[in-house]
$ cat query-v6.txt   # compact mmCIF, C-alpha atoms
# COMPACT_ATOMS: atom_id res chain seq x y z
CA MET Q 29 -47.69 -33.77 -47.36
CA LYS Q 30 -47.39 -37.40 -46.24
CA GLU Q 31 -45.41 -37.88 -43.03
CA LYS Q 32 -41.84 -39.11 -43.51
CA SER Q 33 -39.71 -40.69 -40.77
CA ILE Q 34 -35.93 -40.40 -40.82
CA ASN Q 35 -32.87 -40.98 -38.65
CA LEU Q 36 -30.30 -38.24 -38.10
CA ALA Q 37 -26.54 -38.76 -37.90
CA LEU Q 38 -24.77 -35.68 -36.52
CA GLN Q 39 -21.03 -35.36 -37.02
CA GLY Q 40 -18.71 -33.72 -34.51
CA GLY Q 41 -16.32 -30.91 -35.34
CA GLY Q 42 -16.06 -28.43 -32.50
CA ALA Q 43 -17.49 -25.00 -33.25
CA HIS Q 44 -18.42 -26.25 -36.72
CA GLY Q 45 -21.36 -27.86 -34.94
CA ALA Q 46 -23.07 -24.48 -35.27
CA PHE Q 47 -23.49 -25.23 -38.97
CA ALA Q 48 -25.41 -28.39 -38.03
CA TRP Q 49 -27.57 -26.20 -35.79
CA GLY Q 50 -28.61 -24.31 -38.91
CA VAL Q 51 -29.48 -27.55 -40.70
CA LEU Q 52 -31.54 -28.78 -37.74
CA ASP Q 53 -33.36 -25.46 -37.50
CA ARG Q 54 -34.34 -25.82 -41.15
CA LEU Q 55 -35.49 -29.43 -40.71
CA LEU Q 56 -37.70 -28.33 -37.81
CA ASP Q 57 -39.63 -26.16 -40.28
CA GLU Q 58 -41.07 -29.27 -41.92
CA ASP Q 59 -44.07 -30.51 -39.93
CA TRP Q 60 -44.32 -33.61 -42.16
CA LEU Q 61 -40.82 -34.76 -41.18
CA ARG Q 62 -40.59 -37.05 -38.15
CA ILE Q 63 -37.21 -37.70 -36.52
CA SER Q 64 -37.24 -41.23 -35.11
CA ALA Q 65 -33.63 -41.56 -33.92
CA ILE Q 66 -30.51 -39.43 -33.56
CA THR Q 67 -26.88 -40.50 -33.33
CA GLY Q 68 -24.30 -37.86 -32.48
CA THR Q 69 -20.65 -37.47 -31.58
CA SER Q 70 -18.90 -34.55 -29.88
CA ALA Q 71 -20.62 -31.36 -31.12
CA GLY Q 72 -23.12 -33.69 -32.78
CA ALA Q 73 -23.89 -35.18 -29.37
CA LEU Q 74 -24.55 -31.70 -27.98
CA ASN Q 75 -26.87 -30.92 -30.89
CA GLY Q 76 -28.55 -34.31 -30.63
CA ALA Q 77 -29.18 -34.01 -26.91
CA ALA Q 78 -30.65 -30.52 -27.24
CA LEU Q 79 -32.83 -31.61 -30.15
CA LYS Q 80 -34.02 -34.79 -28.45
CA ALA Q 81 -34.89 -33.04 -25.17
CA GLY Q 82 -36.96 -30.42 -26.94
CA LEU Q 83 -38.85 -32.84 -29.18
CA SER Q 84 -39.58 -35.17 -26.27
CA ARG Q 85 -40.98 -32.40 -24.10
CA ARG Q 86 -43.96 -31.65 -26.26
CA SER Q 87 -45.54 -32.83 -29.51
CA GLY Q 88 -46.15 -31.15 -32.85
CA VAL Q 89 -45.38 -27.47 -33.28
CA ARG Q 90 -44.65 -26.92 -29.59
CA GLY Q 91 -42.14 -29.76 -29.58
CA ARG Q 92 -40.26 -28.29 -32.53
CA GLN Q 93 -40.29 -24.87 -30.85
CA ALA Q 94 -38.91 -26.40 -27.64
CA ALA Q 95 -36.12 -28.00 -29.68
CA ARG Q 96 -35.33 -24.63 -31.25
CA GLU Q 97 -35.16 -23.00 -27.82
CA ASN Q 98 -32.71 -25.66 -26.65
CA LEU Q 99 -30.47 -25.27 -29.70
CA ASP Q 100 -30.55 -21.47 -29.44
CA ARG Q 101 -29.53 -21.60 -25.78
CA LEU Q 102 -26.87 -24.24 -26.43
CA TRP Q 103 -25.00 -22.29 -29.10
CA GLY Q 104 -25.58 -18.95 -27.44
CA GLU Q 105 -23.77 -20.30 -24.38
CA VAL Q 106 -21.11 -22.26 -26.26
CA GLY Q 107 -20.34 -19.11 -28.27
CA GLN Q 108 -19.34 -17.41 -25.03
CA ILE Q 109 -16.90 -20.18 -24.02
CA SER Q 110 -13.33 -19.77 -25.16
CA ASP Q 111 -11.32 -22.77 -26.38
CA ASN Q 112 -8.12 -20.81 -25.77
CA ASN Q 113 -6.25 -22.58 -22.98
CA VAL Q 114 -4.54 -19.40 -21.78
CA VAL Q 115 -7.81 -17.53 -21.36
CA ARG Q 116 -9.55 -20.49 -19.75
CA TRP Q 117 -6.72 -20.76 -17.24
CA MET Q 118 -6.84 -17.02 -16.50
CA HIS Q 119 -10.61 -17.15 -16.12
CA SER Q 120 -10.31 -19.97 -13.58
CA LEU Q 121 -8.16 -17.68 -11.44
CA ILE Q 122 -9.68 -14.28 -12.15
CA PRO Q 123 -13.37 -14.17 -13.19
CA MET Q 124 -13.94 -11.91 -16.18
CA PRO Q 125 -16.74 -11.09 -18.64
CA ARG Q 126 -17.30 -13.89 -21.14
CA GLY Q 127 -17.04 -11.50 -24.06
CA PHE Q 128 -13.41 -10.88 -23.16
CA HIS Q 129 -12.54 -14.49 -23.99
CA ARG Q 130 -12.92 -13.98 -27.73
CA LEU Q 131 -10.69 -10.92 -27.89
CA THR Q 132 -7.54 -13.01 -27.47
CA GLU Q 133 -8.53 -15.34 -30.30
CA MET Q 134 -8.33 -12.53 -32.86
CA PHE Q 135 -4.55 -12.34 -32.63
CA SER Q 136 -1.87 -14.80 -33.74
CA PRO Q 137 0.34 -14.13 -30.67
CA ALA Q 138 -2.49 -15.38 -28.44
CA ALA Q 139 -2.87 -18.45 -30.65
CA TRP Q 140 0.90 -19.02 -30.37
CA MET Q 141 0.63 -18.82 -26.57
CA ASP Q 142 -2.20 -21.31 -26.75
CA SER Q 143 -0.04 -23.79 -28.65
CA MET Q 144 2.69 -23.39 -26.05
CA THR Q 145 0.28 -24.44 -23.31
CA ARG Q 146 -0.18 -27.82 -25.00
CA VAL Q 147 2.79 -29.00 -22.98
CA PHE Q 148 0.47 -28.71 -19.99
CA SER Q 149 -2.43 -30.99 -19.14
CA PRO Q 150 -6.00 -30.11 -18.07
CA TYR Q 151 -5.10 -31.92 -14.87
CA ASP Q 152 -2.55 -29.18 -14.11
CA TYR Q 153 -5.40 -26.76 -13.32
CA GLY Q 154 -5.83 -28.47 -9.97
CA PRO Q 155 -8.90 -27.38 -7.96
CA PHE Q 156 -9.60 -24.57 -10.44
CA TYR Q 157 -10.59 -26.98 -13.21
CA VAL Q 158 -14.19 -26.72 -14.45
CA ASN Q 159 -15.74 -28.29 -17.53
CA PRO Q 160 -17.81 -25.38 -18.89
CA LEU Q 161 -20.13 -27.70 -20.82
CA ALA Q 162 -21.66 -28.96 -17.57
CA ALA Q 163 -23.37 -25.66 -16.85
CA VAL Q 164 -24.46 -25.29 -20.49
CA LEU Q 165 -26.21 -28.69 -20.50
CA HIS Q 166 -27.86 -28.25 -17.12
CA GLU Q 167 -29.18 -24.79 -18.02
CA LEU Q 168 -30.98 -25.77 -21.22
CA PRO Q 169 -34.67 -24.74 -21.17
CA TYR Q 170 -35.53 -28.44 -21.57
CA PRO Q 171 -32.61 -30.41 -20.11
CA ASP Q 172 -34.03 -33.96 -19.90
CA PHE Q 173 -32.51 -35.84 -22.84
CA SER Q 174 -32.46 -39.24 -21.11
CA THR Q 175 -36.24 -39.53 -21.22
CA GLU Q 176 -37.84 -42.42 -23.08
CA GLN Q 177 -40.12 -39.99 -24.91
CA GLY Q 178 -39.29 -38.54 -28.33
CA PRO Q 179 -36.57 -39.72 -30.74
CA GLU Q 180 -34.12 -42.41 -29.64
CA LEU Q 181 -30.71 -40.88 -28.90
CA PHE Q 182 -27.30 -42.52 -29.29
CA VAL Q 183 -24.14 -40.79 -28.09
CA ALA Q 184 -20.66 -42.15 -28.85
CA ALA Q 185 -17.60 -41.74 -26.62
CA THR Q 186 -14.15 -43.37 -26.58
CA ASN Q 187 -13.07 -45.53 -23.65
CA VAL Q 188 -9.65 -44.21 -22.58
CA ARG Q 189 -8.50 -47.57 -21.19
CA THR Q 190 -9.48 -49.80 -24.13
CA GLY Q 191 -9.61 -47.31 -27.01
CA ARG Q 192 -13.00 -48.71 -27.98
CA MET Q 193 -16.22 -46.90 -28.71
CA ARG Q 194 -19.08 -46.95 -26.27
CA VAL Q 195 -22.55 -45.89 -27.34
CA PHE Q 196 -24.78 -44.46 -24.62
CA THR Q 197 -28.53 -44.60 -25.11
CA GLY Q 198 -31.76 -44.32 -23.14
CA ARG Q 199 -31.21 -43.53 -19.47
CA GLN Q 200 -27.46 -43.78 -20.02
CA VAL Q 201 -27.45 -40.47 -21.89
CA THR Q 202 -26.67 -38.23 -18.93
CA PRO Q 203 -24.91 -34.85 -19.05
CA ASP Q 204 -21.68 -36.74 -18.21
CA ALA Q 205 -22.14 -39.00 -21.25
CA VAL Q 206 -22.64 -36.01 -23.55
CA MET Q 207 -19.61 -34.25 -22.04
CA ALA Q 208 -17.58 -37.45 -22.53
CA SER Q 209 -18.52 -37.51 -26.21
CA ALA Q 210 -17.26 -33.92 -26.54
CA CYS Q 211 -14.17 -34.36 -24.33
CA LEU Q 212 -11.11 -33.17 -26.26
CA PRO Q 213 -8.16 -34.48 -24.19
CA SER Q 214 -6.10 -31.32 -24.71
CA LEU Q 215 -8.86 -29.16 -23.22
CA PHE Q 216 -10.86 -31.28 -20.79
CA ARG Q 217 -10.18 -33.97 -18.24
CA ALA Q 218 -11.50 -37.41 -19.15
CA VAL Q 219 -15.06 -37.88 -17.94
CA GLU Q 220 -15.45 -40.80 -15.54
CA ILE Q 221 -18.72 -42.72 -15.80
CA ARG Q 222 -19.89 -45.65 -13.70
CA ASP Q 223 -21.46 -48.57 -15.53
CA SER Q 224 -24.72 -49.38 -13.70
CA GLU Q 225 -24.58 -53.02 -14.88
CA THR Q 226 -20.98 -53.88 -13.97
CA GLY Q 227 -20.44 -51.30 -11.23
CA GLU Q 228 -17.09 -50.41 -12.81
CA THR Q 229 -16.02 -46.84 -13.56
CA ASP Q 230 -14.26 -45.98 -16.81
CA ALA Q 231 -12.88 -42.75 -18.23
CA TYR Q 232 -13.99 -41.47 -21.64
CA TRP Q 233 -12.70 -39.09 -24.31
CA ASP Q 234 -14.15 -37.58 -27.46
CA GLY Q 235 -16.20 -40.03 -29.50
CA GLY Q 236 -14.68 -38.64 -32.70
CA PHE Q 237 -11.65 -40.87 -32.17
CA THR Q 238 -13.71 -44.00 -32.82
CA GLY Q 239 -16.92 -42.98 -34.60
CA ASN Q 240 -17.81 -39.61 -36.09
CA PRO Q 241 -20.68 -40.34 -35.96
CA ALA Q 242 -21.55 -43.95 -35.12
CA LEU Q 243 -24.06 -45.16 -37.70
CA PHE Q 244 -24.62 -48.79 -36.65
CA PRO Q 245 -27.12 -47.93 -33.84
CA LEU Q 246 -29.46 -46.70 -36.58
CA TYR Q 247 -29.53 -50.07 -38.37
CA ARG Q 248 -32.13 -51.49 -35.97
CA ALA Q 249 -35.16 -53.11 -37.60
CA HIS Q 250 -37.74 -50.85 -35.95
CA LEU Q 251 -36.09 -47.63 -37.14
CA PRO Q 252 -36.61 -45.99 -40.55
CA ARG Q 253 -34.33 -47.03 -43.41
CA ASP Q 254 -33.50 -43.43 -44.33
CA ILE Q 255 -30.53 -41.80 -42.60
CA VAL Q 256 -29.75 -38.11 -43.06
CA ILE Q 257 -26.07 -37.46 -42.29
CA VAL Q 258 -25.19 -33.88 -41.34
CA ASN Q 259 -21.51 -33.65 -42.28
CA ILE Q 260 -19.77 -30.51 -40.98
CA ASN Q 261 -16.15 -31.29 -41.84
CA PRO Q 262 -15.26 -30.01 -45.34
CA MET Q 263 -13.76 -32.48 -47.81
CA ILE Q 264 -12.35 -29.63 -49.93
CA ARG Q 265 -11.17 -26.16 -48.89
CA ASP Q 266 -10.84 -23.15 -51.20
CA CYS Q 267 -7.93 -21.39 -49.51
CA VAL Q 268 -4.73 -22.29 -47.71
CA PRO Q 269 -4.94 -21.97 -43.89
CA ARG Q 270 -2.56 -19.26 -42.66
CA THR Q 271 -3.10 -18.51 -38.98
CA PRO Q 272 -2.04 -21.03 -36.29
CA VAL Q 273 -5.66 -21.69 -35.36
CA GLU Q 274 -6.69 -22.25 -39.01
CA ILE Q 275 -3.78 -24.61 -39.62
CA ALA Q 276 -4.47 -26.66 -36.49
CA THR Q 277 -8.17 -26.88 -37.33
CA ALA Q 278 -7.58 -27.85 -40.96
CA SER Q 279 -5.07 -30.60 -40.16
CA THR Q 280 -7.25 -32.09 -37.42
CA ARG Q 281 -10.42 -32.01 -39.50
CA SER Q 282 -8.69 -33.54 -42.53
CA VAL Q 283 -7.75 -36.61 -40.52
CA SER Q 284 -11.26 -36.85 -39.06
CA THR Q 285 -12.96 -36.47 -42.46
CA ARG Q 286 -10.92 -39.22 -44.10
CA ARG Q 287 -11.14 -41.72 -41.26
$ encode --input "query-v6.txt" --output "structure tokens"
Amino acid sequence: MKEKSINLALQGGGAHGAFAWGVLDRLLDEDWLRISAITGTSAGALNGAALKAGLSRRSGVRGRQAARENLDRLWGEVGQISDNNVVRWMHSLIPMPRGFHRLTEMFSPAAWMDSMTRVFSPYDYGPFYVNPLAAVLHELPYPDFSTEQGPELFVAATNVRTGRMRVFTGRQVTPDAVMASACLPSLFRAVEIRDSETGETDAYWDGGFTGNPALFPLYRAHLPRDIVIVNINPMIRDCVPRTPVEIATASTRSVSTRR
């Protein structure tokens, strides 16, 4: 089959990013499909970085396999990280097996406790605070996603001070930039990044506040005209959310989907 070049736009949506992983895994089956550029926000930035680093490491079949290894490791590790504030706080004080994290998320009382902790800030953790995504990104089999090789990568984050979007690309796409794109303010401290051109340091939050995902970087003349958007936020749901976690997720995603 004749080679076809496309751009990928990867939407953010927390753990729903695992669905995009499945889409990417399927696209990697097609050896005639060439990914020229990737734009991603939040979970989409995580997927995009893992995909880019793998494809840039090697060419052809081995490049696609490297991308698969990155995505497998990414979601294998993310699946072991709890987004329950109570458990994360306990884990910072008393190390425990990762599998234990998920046990608390099976019960509404734990979810209720989690909502109560929203009166606290990630900055209240003091010296015990750790962004778990840092270790995940650094431990990928192929962690270099700022290389000039492979697809172009664009990662969107929101400047806390101005409320404007910033798109990181090329050498700017560091682990900090990817963590900034996935920085939910209720869970993580803002990620501070120094601008190499101005020398100024700014703090960034989740890119989903300003662009989920940002499409305009893909409109460059040298990139393909075709853009495949991997949308992971449902427009329609079949059942009414009932648990606290389901309700919070549904209300947040509805706003994001209609933005």
$ residues_around --input "query-v6.txt" --residues "stretch 201-203 of chain Q" --least-positions-apart "4" --cutoff "12 Å" --atoms "only C-alpha atoms" --output "PyMOL selection string"
chain Q and resi 67-68+73-74+76-78+80-81+159-168+171-176+180-185+194-197+207-211+219-223
$ atom_distance --input "query-v6.txt" --atom1 "atom CA of Q:Leu99" --atom2 "atom CA of Q:Tyr170"
10.1 Å
$ axis_aligned_box --input "query-v6.txt" --around "stretch 174-184 of chain Q" --padding-each-side "3 Å" --output "JSON"
{"center_x": -30.4, "center_y": -40.5, "center_z": -25.9, "size_x": 25.5, "size_y": 10.0, "size_z": 15.6}
$ closest_residue --input "query-v6.txt" --among "Q:Asn261, Q:Gln108, Q:Gly236, Q:Glu97" --to "Q:Gly45" --atoms "only C-alpha atoms"
Q:Asn261
$ atom_distance --input "query-v6.txt" --atom1 "atom CA of Q:Ser214" --atom2 "atom CA of Q:Gly104"
23.2 Å
$ atom_distance --input "query-v6.txt" --atom1 "atom CA of Q:Leu52" --atom2 "atom CA of Q:Gly72"
10.9 Å
